[in-house]
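Source file: entry.txt (compact mmCIF, C-alpha atoms)
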# COMPACT_ATOMS: atom_id res chain seq x y z
CA MET A 1 -18.00 -57.23 39.57
CA THR A 2 -14.57 -56.30 38.45
CA LYS A 3 -14.16 -54.26 41.58
CA ASN A 4 -15.15 -57.25 43.70
CA LYS A 5 -12.68 -59.53 42.01
CA LEU A 6 -9.94 -57.02 42.57
CA TRP A 7 -10.89 -56.75 46.22
CA ILE A 8 -10.76 -60.50 46.66
CA SER A 9 -7.38 -60.77 45.03
CA GLY A 10 -6.28 -57.78 47.08
CA VAL A 11 -7.10 -59.69 50.24
CA ALA A 12 -6.05 -63.11 48.96
CA VAL A 13 -2.49 -62.18 48.11
CA PRO A 14 -1.55 -60.80 51.52
CA VAL A 15 -3.32 -63.76 53.18
CA LEU A 16 -1.36 -66.14 51.03
CA ILE A 17 1.86 -64.36 51.86
CA ALA A 18 0.95 -64.43 55.55
CA MET A 19 0.25 -68.15 55.35
CA MET A 20 3.55 -68.77 53.62
CA LEU A 21 5.34 -66.72 56.23
CA LEU A 22 3.60 -68.66 58.96
CA ALA A 23 4.60 -71.93 57.38
CA LEU A 24 8.16 -70.68 57.03
CA SER A 25 8.32 -69.35 60.54
CA SER A 26 7.01 -72.59 61.99
CA ARG A 27 9.78 -74.37 60.11
CA VAL A 28 12.30 -71.93 61.40
CA THR A 29 10.96 -72.42 64.91
CA ALA A 30 11.34 -76.21 64.58
CA ASN A 31 14.92 -75.76 63.49
CA ALA A 32 15.64 -73.33 66.26
CA GLU A 33 14.47 -75.78 68.95
CA PRO A 34 17.28 -77.63 70.68
CA SER A 35 17.95 -80.54 68.31
CA ALA A 36 17.03 -84.02 69.50
CA PRO A 37 19.83 -85.16 71.80
CA ALA A 38 22.28 -87.62 70.30
CA ALA A 39 25.17 -89.56 71.70
CA ALA A 40 27.67 -92.02 70.33
CA VAL A 41 29.21 -95.30 71.38
CA LYS A 42 32.27 -96.39 69.51
CA ILE A 43 33.07 -100.07 69.22
CA ASP A 44 36.82 -100.29 69.05
CA ASN A 45 39.21 -103.10 69.89
CA PHE A 46 36.39 -105.26 71.19
CA VAL A 47 35.30 -102.58 73.68
CA PHE A 48 32.17 -100.39 73.85
CA GLY A 49 33.34 -96.86 74.55
CA PRO A 50 32.31 -95.33 76.82
CA GLN A 51 31.36 -98.48 78.65
CA THR A 52 28.75 -96.55 80.65
CA LEU A 53 27.02 -93.71 78.83
CA THR A 54 24.63 -91.39 80.69
CA VAL A 55 22.11 -89.48 78.55
CA PRO A 56 18.86 -87.53 78.98
CA VAL A 57 15.51 -89.10 78.07
CA GLY A 58 14.86 -88.84 74.33
CA THR A 59 18.48 -89.31 73.33
CA THR A 60 19.32 -91.26 70.22
CA VAL A 61 22.42 -93.34 70.79
CA THR A 62 24.39 -94.47 67.76
CA TRP A 63 26.84 -97.35 67.91
CA THR A 64 29.58 -97.46 65.27
CA ASN A 65 31.72 -100.53 64.73
CA SER A 66 35.31 -99.45 64.16
CA ASP A 67 36.70 -103.00 64.25
CA ASP A 68 37.51 -105.29 61.33
CA ILE A 69 35.36 -107.92 63.00
CA PRO A 70 31.56 -107.88 63.18
CA HIS A 71 29.85 -107.03 66.45
CA THR A 72 26.31 -106.55 67.73
CA SER A 73 24.74 -104.30 70.33
CA VAL A 74 21.93 -106.16 72.03
CA SER A 75 20.01 -105.20 75.16
CA THR A 76 20.38 -107.84 77.86
CA GLU A 77 16.71 -107.29 78.69
CA GLY A 78 15.43 -107.39 75.13
CA VAL A 79 14.84 -103.64 74.78
CA PHE A 80 16.87 -103.18 71.60
CA LYS A 81 18.80 -105.40 69.22
CA SER A 82 21.08 -104.35 66.41
CA LYS A 83 21.63 -106.39 63.31
CA VAL A 84 25.15 -107.67 62.84
CA LEU A 85 27.35 -104.63 62.39
CA ASP A 86 30.22 -105.25 60.03
CA ALA A 87 33.18 -102.87 59.92
CA ASP A 88 32.04 -99.20 59.97
CA GLU A 89 28.34 -100.05 60.17
CA LYS A 90 26.07 -98.18 62.58
CA PHE A 91 23.03 -98.86 64.73
CA SER A 92 20.83 -96.26 66.46
CA TYR A 93 18.23 -96.49 69.18
CA THR A 94 16.23 -93.69 70.84
CA PHE A 95 15.75 -94.03 74.58
CA THR A 96 12.36 -92.65 75.55
CA LYS A 97 12.22 -93.88 79.14
CA ALA A 98 14.52 -93.30 82.07
CA GLY A 99 16.37 -96.35 83.31
CA THR A 100 19.53 -98.38 83.05
CA TYR A 101 19.97 -100.43 79.90
CA PRO A 102 22.72 -103.05 80.00
CA TYR A 103 23.72 -104.48 76.63
CA TYR A 104 26.37 -106.76 75.10
CA CYS A 105 27.79 -108.11 71.88
CA THR A 106 26.13 -111.45 71.22
CA ILE A 107 29.13 -112.55 69.15
CA HIS A 108 31.72 -111.62 71.79
CA PRO A 109 29.72 -111.69 75.02
CA LYS A 110 32.67 -110.49 77.07
CA MET A 111 31.93 -107.11 75.49
CA THR A 112 29.35 -105.39 77.68
CA GLY A 113 28.13 -101.82 78.15
CA LYS A 114 25.43 -99.78 79.80
CA ILE A 115 23.26 -96.83 78.82
CA VAL A 116 21.91 -94.83 81.76
CA VAL A 117 18.91 -92.70 80.74
CA GLN A 118 17.92 -89.92 83.13
CA MET B 119 67.39 -118.33 55.89
CA PRO B 120 67.38 -115.14 53.84
CA ASP B 121 70.83 -113.86 52.80
CA LYS B 122 71.95 -110.24 52.98
CA LYS B 123 70.83 -109.47 49.49
CA GLN B 124 67.43 -110.91 50.27
CA ASP B 125 67.31 -108.81 53.42
CA LEU B 126 67.83 -105.68 51.35
CA ILE B 127 65.07 -106.70 49.01
CA ASP B 128 62.90 -107.39 52.00
CA GLN B 129 63.54 -103.98 53.44
CA SER B 130 62.67 -102.30 50.19
CA LEU B 131 59.42 -104.22 50.09
CA GLN B 132 58.46 -103.30 53.57
CA ASP B 133 55.33 -101.33 54.12
CA LEU B 134 55.27 -99.44 50.83
CA ASN B 135 51.74 -98.26 51.37
CA ASN B 136 52.43 -97.23 54.92
CA ASP B 137 49.42 -99.27 55.94
CA GLY B 138 51.21 -101.31 58.52
CA VAL B 139 51.39 -104.32 56.23
CA ASP B 140 54.48 -104.86 54.16
CA ARG B 141 54.26 -107.22 51.24
CA ARG B 142 56.70 -109.73 52.58
CA GLY B 143 55.10 -109.66 55.98
CA PHE B 144 51.78 -110.23 54.33
CA LEU B 145 53.07 -113.16 52.33
CA LYS B 146 54.65 -114.63 55.43
CA CYS B 147 51.39 -114.23 57.17
CA MET B 148 49.57 -115.84 54.29
CA ALA B 149 52.01 -118.71 54.21
CA TRP B 150 51.49 -119.19 57.89
CA ALA B 151 47.77 -118.77 57.81
CA GLY B 152 47.14 -121.12 54.92
CA THR B 153 47.71 -124.20 56.92
CA GLY B 154 46.14 -126.88 58.99
CA LEU B 155 47.04 -129.78 61.18
CA VAL B 156 47.37 -133.38 60.20
CA TRP B 157 46.33 -135.82 62.85
CA THR B 158 47.59 -139.35 62.81
CA MET B 159 45.85 -141.87 65.00
CA SER B 160 48.29 -144.49 66.11
CA GLY B 161 47.12 -146.92 68.73
CA GLY B 162 44.67 -144.33 70.01
CA VAL B 163 47.32 -141.64 70.42
CA PRO B 164 46.86 -138.73 68.09
CA VAL B 165 50.05 -137.18 66.73
CA SER B 166 49.89 -133.93 64.82
CA ARG B 167 52.20 -132.01 62.58
CA ALA B 168 51.83 -128.75 60.69
CA PHE B 169 51.38 -128.65 56.97
CA ALA B 170 54.04 -126.07 56.41
CA LYS B 171 56.83 -128.53 57.04
CA GLY B 172 57.28 -131.23 54.47
CA TYR B 173 56.31 -134.75 55.23
CA GLY B 174 59.07 -137.25 55.59
CA LYS B 175 58.77 -140.64 54.04
CA ASP B 176 57.56 -141.89 57.36
CA ALA B 177 54.64 -139.53 57.58
CA GLY B 178 51.60 -141.51 58.42
CA LYS B 179 53.56 -144.76 58.38
CA GLY B 180 52.11 -147.32 60.72
CA ALA B 181 49.15 -145.08 61.40
CA ASP B 182 45.72 -146.52 61.77
CA PHE B 183 44.35 -143.56 59.89
CA THR B 184 44.84 -139.86 59.51
CA PHE B 185 42.49 -136.94 59.47
CA VAL B 186 42.97 -133.23 59.01
CA GLN B 187 41.71 -130.34 61.08
CA ILE B 188 41.21 -126.96 59.45
CA SER B 189 39.62 -123.98 61.11
CA ASP B 190 38.52 -120.37 60.91
CA SER B 191 38.26 -119.93 57.15
CA HIS B 192 36.25 -116.70 57.61
CA ILE B 193 35.13 -116.70 53.97
CA GLY B 194 33.97 -113.15 53.25
CA PHE B 195 36.67 -111.46 55.34
CA ASN B 196 38.53 -108.97 53.13
CA LYS B 197 40.41 -106.67 55.48
CA PRO B 198 44.16 -105.94 55.35
CA ALA B 199 45.08 -108.91 57.56
CA ASN B 200 44.17 -111.06 54.53
CA PRO B 201 42.24 -109.66 51.57
CA ASP B 202 41.93 -113.11 49.93
CA VAL B 203 40.85 -115.72 52.45
CA THR B 204 39.50 -117.97 49.69
CA ALA B 205 42.98 -118.28 48.24
CA THR B 206 44.52 -119.26 51.55
CA LEU B 207 41.77 -121.81 52.16
CA GLN B 208 42.57 -123.22 48.73
CA THR B 209 46.24 -123.40 49.73
CA ALA B 210 45.25 -125.42 52.77
CA ILE B 211 43.15 -127.74 50.62
CA ASN B 212 45.96 -128.18 48.12
CA LYS B 213 48.21 -129.22 50.97
CA ILE B 214 45.66 -131.71 52.17
CA ASN B 215 45.52 -133.10 48.66
CA ALA B 216 49.31 -133.40 48.57
CA MET B 217 49.48 -135.47 51.73
CA PRO B 218 51.22 -138.78 51.15
CA GLN B 219 48.56 -140.61 53.11
CA LYS B 220 45.09 -139.57 52.11
CA PRO B 221 43.20 -138.48 55.21
CA ASP B 222 40.01 -140.36 55.94
CA PHE B 223 38.19 -137.10 56.56
CA ILE B 224 38.50 -133.42 57.39
CA ILE B 225 37.21 -131.68 60.51
CA HIS B 226 36.44 -127.98 60.21
CA THR B 227 36.28 -126.40 63.66
CA GLY B 228 34.11 -123.43 62.76
CA ASP B 229 34.01 -119.87 61.53
CA LEU B 230 33.50 -121.15 58.03
CA SER B 231 32.16 -117.73 57.09
CA GLN B 232 32.65 -114.15 58.19
CA LEU B 233 29.01 -113.06 58.27
CA SER B 234 26.91 -116.25 57.83
CA LYS B 235 26.01 -115.13 54.30
CA PRO B 236 24.74 -117.78 51.87
CA SER B 237 27.28 -116.56 49.29
CA GLU B 238 30.09 -117.12 51.78
CA PHE B 239 28.95 -120.66 52.52
CA ASP B 240 28.68 -121.23 48.76
CA THR B 241 32.29 -120.15 48.26
CA LEU B 242 33.45 -122.41 51.07
CA ASP B 243 31.54 -125.38 49.65
CA GLN B 244 32.99 -124.74 46.23
CA ALA B 245 36.54 -124.69 47.58
CA LEU B 246 36.05 -127.79 49.72
CA LYS B 247 34.78 -129.71 46.70
CA SER B 248 38.38 -129.82 45.51
CA ALA B 249 39.54 -131.60 48.67
CA SER B 250 40.64 -135.19 48.24
CA ALA B 251 38.80 -136.16 51.40
CA LYS B 252 35.13 -136.04 50.62
CA GLN B 253 33.89 -136.52 54.16
CA ILE B 254 34.00 -133.25 56.07
CA TYR B 255 32.70 -132.81 59.60
CA PHE B 256 31.79 -129.32 60.78
CA VAL B 257 31.02 -127.49 63.96
CA PRO B 258 29.87 -123.88 63.83
CA GLY B 259 31.80 -120.84 64.97
CA GLU B 260 30.07 -117.72 66.24
CA HIS B 261 30.48 -116.19 62.76
CA ASP B 262 28.35 -118.99 61.29
CA MET B 263 25.34 -118.26 63.50
CA LEU B 264 25.20 -114.49 63.28
CA SER B 265 21.80 -113.37 62.19
CA ASP B 266 19.51 -116.35 61.89
CA ASN B 267 20.19 -118.43 65.01
CA GLY B 268 22.26 -120.68 62.82
CA ASP B 269 19.42 -121.77 60.51
CA GLN B 270 21.53 -121.31 57.39
CA TYR B 271 24.42 -123.25 58.95
CA LEU B 272 22.21 -126.06 60.19
CA GLN B 273 20.48 -126.45 56.83
CA ARG B 274 23.81 -126.82 55.07
CA TYR B 275 26.08 -128.56 57.56
CA GLY B 276 23.93 -129.71 60.42
CA LYS B 277 21.75 -132.44 58.90
CA GLY B 278 21.16 -135.17 61.44
CA THR B 279 22.70 -133.20 64.29
CA LYS B 280 21.09 -132.38 67.62
CA GLY B 281 20.19 -128.97 69.06
CA SER B 282 22.34 -126.21 67.62
CA GLY B 283 24.45 -128.73 65.68
CA TRP B 284 26.16 -131.20 68.01
CA TYR B 285 26.69 -134.88 67.14
CA SER B 286 29.05 -137.81 67.51
CA PHE B 287 30.38 -140.54 65.26
CA ASP B 288 32.76 -143.48 65.41
CA HIS B 289 35.64 -144.03 63.09
CA LYS B 290 37.88 -147.09 63.24
CA GLY B 291 37.50 -147.46 66.98
CA VAL B 292 37.79 -143.78 67.85
CA HIS B 293 34.75 -141.89 69.16
CA PHE B 294 34.46 -138.34 67.81
CA VAL B 295 32.17 -135.75 69.38
CA GLY B 296 31.42 -132.40 67.72
CA LEU B 297 30.20 -129.83 70.23
CA VAL B 298 28.67 -126.37 69.77
CA ASN B 299 29.76 -123.68 72.22
CA VAL B 300 28.83 -120.57 70.22
CA ALA B 301 25.03 -120.54 70.56
CA ASN B 302 22.98 -118.50 73.04
CA LEU B 303 25.99 -116.80 74.59
CA LYS B 304 25.29 -114.87 77.78
CA ALA B 305 26.36 -111.29 78.45
CA GLY B 306 29.72 -111.17 80.17
CA GLY B 307 30.39 -114.85 79.54
CA MET B 308 32.63 -116.92 77.30
CA GLY B 309 31.69 -119.90 75.14
CA SER B 310 28.82 -122.01 76.42
CA LEU B 311 27.64 -125.57 75.85
CA GLY B 312 24.42 -125.32 77.80
CA HIS B 313 22.50 -127.79 79.90
CA GLU B 314 20.82 -129.67 77.07
CA GLN B 315 24.06 -130.38 75.25
CA LEU B 316 25.87 -131.40 78.44
CA GLU B 317 23.12 -133.89 79.20
CA TRP B 318 23.35 -135.25 75.70
CA LEU B 319 27.12 -135.56 76.00
CA GLU B 320 26.92 -137.49 79.26
CA ASP B 321 24.41 -139.80 77.68
CA ASP B 322 26.45 -140.15 74.50
CA LEU B 323 29.51 -141.33 76.42
CA HIS B 324 27.55 -143.55 78.76
CA GLY B 325 28.41 -147.21 78.42
CA ARG B 326 31.43 -146.68 76.20
CA SER B 327 34.56 -148.58 77.11
CA ALA B 328 37.15 -146.52 78.99
CA SER B 329 39.72 -147.67 76.45
CA THR B 330 37.88 -145.95 73.59
CA PRO B 331 39.97 -143.01 72.38
CA ILE B 332 37.81 -139.88 72.48
CA VAL B 333 38.24 -136.85 70.24
CA LEU B 334 36.19 -133.80 71.20
CA PHE B 335 36.04 -130.90 68.79
CA ALA B 336 34.38 -127.52 69.12
CA HIS B 337 35.04 -123.98 67.91
CA ILE B 338 35.89 -122.03 71.07
CA PRO B 339 38.56 -123.67 73.23
CA LEU B 340 37.15 -126.04 75.83
CA TRP B 341 39.85 -124.91 78.24
CA THR B 342 40.35 -121.41 79.54
CA ILE B 343 43.14 -119.78 77.59
CA TYR B 344 42.43 -116.09 78.18
CA PRO B 345 39.15 -115.10 79.82
CA ASP B 346 39.63 -111.38 79.14
CA TRP B 347 39.19 -112.14 75.45
CA GLY B 348 36.53 -114.75 76.05
CA TRP B 349 38.92 -117.53 75.01
CA GLY B 350 37.34 -120.33 76.95
CA THR B 351 34.04 -122.06 77.62
CA ASP B 352 32.12 -121.34 80.82
CA ASP B 353 30.79 -124.85 81.35
CA SER B 354 33.60 -126.87 79.76
CA GLU B 355 34.66 -128.30 83.11
CA GLN B 356 31.45 -130.20 83.38
CA ALA B 357 31.93 -131.61 79.90
CA LEU B 358 35.47 -132.65 80.78
CA SER B 359 34.32 -134.28 83.99
CA TYR B 360 32.55 -136.86 81.81
CA MET B 361 35.94 -137.68 80.24
CA LYS B 362 37.71 -138.67 83.41
CA ARG B 363 37.34 -142.42 83.05
CA PHE B 364 38.67 -142.47 79.49
CA GLY B 365 42.30 -143.30 78.84
CA SER B 366 42.85 -141.01 75.86
CA VAL B 367 41.00 -137.78 75.27
CA THR B 368 41.95 -135.23 72.64
CA VAL B 369 40.27 -131.84 72.45
CA LEU B 370 40.54 -129.92 69.17
CA ASN B 371 39.49 -126.29 68.94
CA GLY B 372 39.85 -123.23 66.72
CA HIS B 373 38.71 -119.65 67.34
CA ILE B 374 42.01 -118.18 68.51
CA HIS B 375 43.87 -118.52 65.17
CA GLN B 376 47.07 -119.89 66.65
CA ILE B 377 48.46 -123.10 68.02
CA MET B 378 48.11 -123.62 71.75
CA GLN B 379 48.47 -126.86 73.55
CA LYS B 380 48.12 -128.26 77.00
CA VAL B 381 48.15 -131.73 78.48
CA GLU B 382 46.22 -132.30 81.65
CA GLY B 383 46.24 -135.87 82.86
CA LYS B 384 44.89 -138.00 80.06
CA VAL B 385 43.40 -135.05 78.22
CA SER B 386 45.36 -133.16 75.61
CA PHE B 387 44.11 -129.85 74.30
CA HIS B 388 45.06 -128.28 70.98
CA THR B 389 43.95 -125.24 69.07
CA ALA B 390 44.45 -124.94 65.33
CA MET B 391 45.66 -122.14 63.16
CA SER B 392 43.25 -120.27 60.97
CA THR B 393 43.24 -120.59 57.20
CA ALA B 394 42.38 -116.87 57.05
CA PHE B 395 44.34 -114.56 59.33
CA PRO B 396 46.40 -114.73 62.51
CA GLN B 397 45.32 -113.35 65.87
CA PRO B 398 47.64 -112.05 68.54
CA ALA B 399 48.93 -114.14 71.40
CA PRO B 400 46.82 -113.65 74.53
CA GLY B 401 47.33 -110.23 76.05
CA THR B 402 49.89 -109.06 73.50
CA ALA B 403 47.49 -106.65 71.77
CA PRO B 404 44.64 -104.36 72.84
CA SER B 405 42.16 -106.88 71.47
CA ALA B 406 41.85 -110.22 69.75
CA GLY B 407 41.28 -108.58 66.35
CA PRO B 408 43.01 -109.76 63.18
CA MET B 409 46.77 -109.37 63.36
CA LYS B 410 47.98 -107.13 60.56
CA VAL B 411 51.65 -108.01 60.79
CA PRO B 412 53.27 -104.57 60.58
CA ALA B 413 56.87 -104.32 59.44
CA GLU B 414 58.32 -104.00 62.91
CA GLN B 415 56.63 -107.22 63.88
CA LEU B 416 58.07 -109.13 60.97
CA GLN B 417 60.39 -110.91 63.32
CA LYS B 418 57.43 -112.07 65.30
CA VAL B 419 55.82 -113.48 62.21
CA LEU B 420 59.01 -115.23 61.30
CA GLY B 421 58.96 -116.61 64.76
CA ILE B 422 55.72 -118.33 63.90
CA THR B 423 57.74 -120.65 61.73
CA ASP B 424 59.32 -121.79 64.96
CA VAL B 425 55.91 -122.77 66.18
CA ASN B 426 55.53 -124.80 63.04
CA TYR B 427 58.92 -126.31 63.65
CA LEU B 428 57.92 -127.32 67.13
CA VAL B 429 54.88 -128.96 65.71
CA SER B 430 56.84 -130.79 63.07
CA GLY B 431 59.13 -131.95 65.85
CA ARG B 432 56.14 -134.06 66.85
CA SER B 433 56.17 -132.59 70.30
CA LEU B 434 52.84 -130.87 69.90
CA ALA B 435 50.66 -133.81 70.48
CA VAL B 436 50.28 -136.15 73.37
CA VAL B 437 53.38 -138.22 73.02
CA ASP B 438 53.63 -138.92 76.74
CA SER B 439 49.94 -139.29 77.34
CA PRO B 440 48.77 -142.60 78.73
CA LEU B 441 47.33 -144.99 76.20
CA GLY B 442 43.80 -146.12 76.56
CA SER B 443 44.87 -149.66 77.22
How does the structure come out when it is put into structure tokens?
Amino acid sequence: MTKNKLWISGVAVPVLIAMMLLALSSRVTANAEPSAPAAAVKIDNFVFGPQTLTVPVGTTVTWTNSDDIPHTSVSTEGVFKSKVLDADEKFSYTFTKAGTYPYYCTIHPKMTGKIVVQ
Amino acid sequence: MPDKKQDLIDQSLQDLNNDGVDRRGFLKCMAWAGTGLVWTMSGGVPVSRAFAKGYGKDAGKGADFTFVQISDSHIGFNKPANPDVTATLQTAINKINAMPQKPDFIIHTGDLSQLSKPSEFDTLDQALKSASAKQIYFVPGEHDMLSDNGDQYLQRYGKGTKGSGWYSFDHKGVHFVGLVNVANLKAGGMGSLGHEQLEWLEDDLHGRSASTPIVLFAHIPLWTIYPDWGWGTDDSEQALSYMKRFGSVTVLNGHIHQIMQKVEGKVSFHTAMSTAFPQPAPGTAPSAGPMKVPAEQLQKVLGITDVNYLVSGRSLAVVDSPLGS
């Protein structure tokens, strides 16, 4: 019986190590994949910059308000809607479908921009 | 006028923190910002003067009544252009209370708050409690309708109003109309009144005598001052077309944090200063953001006193406008 137990543990330990390695390697693989695409729009001086931003499908776009005055970033077609962004606050949205997404600041509607997703 | 010694002191006080705001410039800005306009109705012709200049003995003399317009308090704003907007609002209120002729009421032309927060409205209410005039009429600015479609604003200040907060009232023979041009703004556009409000306005004025003096007030200017910055109202022309038969029409706005005026036929347009912070003259800055009054622009800020002087010279209002007979 003692022999058996030893045999089991002899197998179990390498299996465990293998499993841990696997788990580790899968993590490493995930990290090694090209990271999810990200892009930024800066709100500065009452302007979305760049005014037209072209990104690949799956991109997360982050708007940052660099003004002293609150702004919003709201899709003209109701696709996305930020909360009110006070100075230095951010809003992110991930675009999963190709298309053109016009948006504007609902507080200062003269401020408009466009995200083109390809 | 500052003497040479004062100039030296001024220079030494300039921009110590290298943040673009020198202390004196800031104080000047505060002194300028903490103000409002006094309106005197005399035979249907409104005459205004700035607070900053003292009132002569004749102030308000022979007037039928006076009221005060304040605007753009932006309670909650705390950036360098004015870290204490509550204090400057209080200064404005103190000046109202010091008026030789007690105003019948106060009109606040919007942007009460910075972010439509209940705490900001609370602070505003608390400050306004100290005003000698207890009747205060409001219209919302875009900052008062930020995140809740204006529910918070309407609950507090919009009781008995229509739609997004418009209404009218009569006072001693003058018809006042408060309009809302900050709701449901369209991408790429400026201020907007909307069809429903325009219909209401036409109906509201229907049947009134052409000799009734009309005072329209709204947050965003009802005349196009600078479209690039959205300083105008897309459908204001239609609203003004309803005014054509009236002999005296006065339009009071805020939003642009500086005095602008125009007389067009029988209609005189005025915008008020903010009680919070100044904004640049149209096109003189990259954007309409708060003006921080850097040291090298001190002269410009001093020049604002000239604007006040012009106002106190009683030339701001509609002196030559035809009377509603």
Cut-off 7 Å: closest chain A/chain B atom pairs per residue, using all atoms listed in the file, as a Markdown table:
| residue | atom | partner | partner_atom | distance |
| --- | --- | --- | --- | --- |
| A:Asn45 | CA | B:Ser405 | CA | 5.0 |
| A:Phe46 | CA | B:Ser405 | CA | 6.0 |
| A:Asp68 | CA | B:Lys197 | CA | 6.7 |
| A:Ile69 | CA | B:Gly407 | CA | 6.8 |
| A:Thr76 | CA | B:Ala305 | CA | 6.9 |
| A:Val84 | CA | B:Ser265 | CA | 6.6 |
| A:Tyr104 | CA | B:Ala305 | CA | 5.6 |
| A:Thr106 | CA | B:Leu303 | CA | 6.3 |
| A:Ile107 | CA | B:Glu260 | CA | 6.0 |
| A:Pro109 | CA | B:Ala305 | CA | 4.8 |
| A:Lys110 | CA | B:Gly306 | CA | 4.3 |
| A:Met111 | CA | B:Gly306 | CA | 6.6 |
| A:Thr112 | CA | B:Gly306 | CA | 6.3 |
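Put simply, CA of Phe239 (chain B) is 20.0 Å away from CA of Leu297 (chain B).
Picture a line from CA of Phe387 (chain B) to CA of Tyr255 (chain B); it runs 18.8 Å.
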Between CA of Phe91 (chain A) and CA of Ser191 (chain B), distance in Å (one decimal): 27.1 Å
Cut-off 12 Å around (24.4, -92.2, 71.3) with only C-alpha atoms: residues as a ChimeraX atom specification: /A:36-43,48-64,90-95,114-117
Please save C-alpha atoms of the selected residues as a CSV table (one decimal), in the coordinates of the input.
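And here is the file that came out, out_16.csv:
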chain,number,residue,atom,x,y,z
A,36,ALA,CA,17.0,-84.0,69.5
A,37,PRO,CA,19.8,-85.2,71.8
A,38,ALA,CA,22.3,-87.6,70.3
A,39,ALA,CA,25.2,-89.6,71.7
A,40,ALA,CA,27.7,-92.0,70.3
A,41,VAL,CA,29.2,-95.3,71.4
A,42,LYS,CA,32.3,-96.4,69.5
A,43,ILE,CA,33.1,-100.1,69.2
A,48,PHE,CA,32.2,-100.4,73.8
A,49,GLY,CA,33.3,-96.9,74.6
A,50,PRO,CA,32.3,-95.3,76.8
A,51,GLN,CA,31.4,-98.5,78.6
A,52,THR,CA,28.8,-96.6,80.6
A,53,LEU,CA,27.0,-93.7,78.8
A,54,THR,CA,24.6,-91.4,80.7
A,55,VAL,CA,22.1,-89.5,78.6
A,56,PRO,CA,18.9,-87.5,79.0
A,57,VAL,CA,15.5,-89.1,78.1
A,58,GLY,CA,14.9,-88.8,74.3
A,59,THR,CA,18.5,-89.3,73.3
A,60,THR,CA,19.3,-91.3,70.2
A,61,VAL,CA,22.4,-93.3,70.8
A,62,THR,CA,24.4,-94.5,67.8
A,63,TRP,CA,26.8,-97.4,67.9
A,64,THR,CA,29.6,-97.5,65.3
A,90,LYS,CA,26.1,-98.2,62.6
A,91,PHE,CA,23.0,-98.9,64.7
A,92,SER,CA,20.8,-96.3,66.5
A,93,TYR,CA,18.2,-96.5,69.2
A,94,THR,CA,16.2,-93.7,70.8
A,95,PHE,CA,15.8,-94.0,74.6
A,114,LYS,CA,25.4,-99.8,79.8
A,115,ILE,CA,23.3,-96.8,78.8
A,116,VAL,CA,21.9,-94.8,81.8
A,117,VAL,CA,18.9,-92.7,80.7
Within 9 Å of file point (22.3, -107.6, 68.6), counting all atoms listed in the file, expressed as a ChimeraX atom specification: /A:71-75,80-85,103-107 /B:265
Test item: residues at most 6 Å from region 213-221 of chain B, only C-alpha atoms, excluding those fewer than 4 positions along its chain, as a list of chain:residue names: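 The neighbour list is B:Thr184, B:Phe185, B:Ser250.
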Residues within 12 Å of His226 (chain B), only C-alpha atoms, excluding chain neighbours under 5 positions, as an MDAnalysis selection string: chainID B and resid 154:155 185:192 207 210:211 231 242:243 246 253:259 275 296:297 335:337 370:373 389:393
Neighbour list for Asp44 (chain A) as a PDB file with C-alpha atoms, keeping the file's coordinate frame, cut-off 6 Å, only C-alpha atoms, skip fewer than 3 positions in-chain:
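The result, written out as around.pdb:
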ATOM      1  CA  VAL A  47      35.300-102.580  73.680  1.00  0.00           C
ATOM      2  CA  SER A  66      35.310 -99.450  64.160  1.00  0.00           C
ATOM      3  CA  ASP A  67      36.700-103.000  64.250  1.00  0.00           C
TER       4      ASP A  67
END
Would you compute, for all listed atoms of region 59-66 of chain A, the axis-aligned bounding box grown by 6 Å on each side, and then report its centre and edge lengths in Å rounded to one decimal, as lines of an AutoDock Vina configuration file?
center_x = 26.9
center_y = -94.9
center_z = 68.7
size_x = 28.8
size_y = 23.2
size_z = 21.2
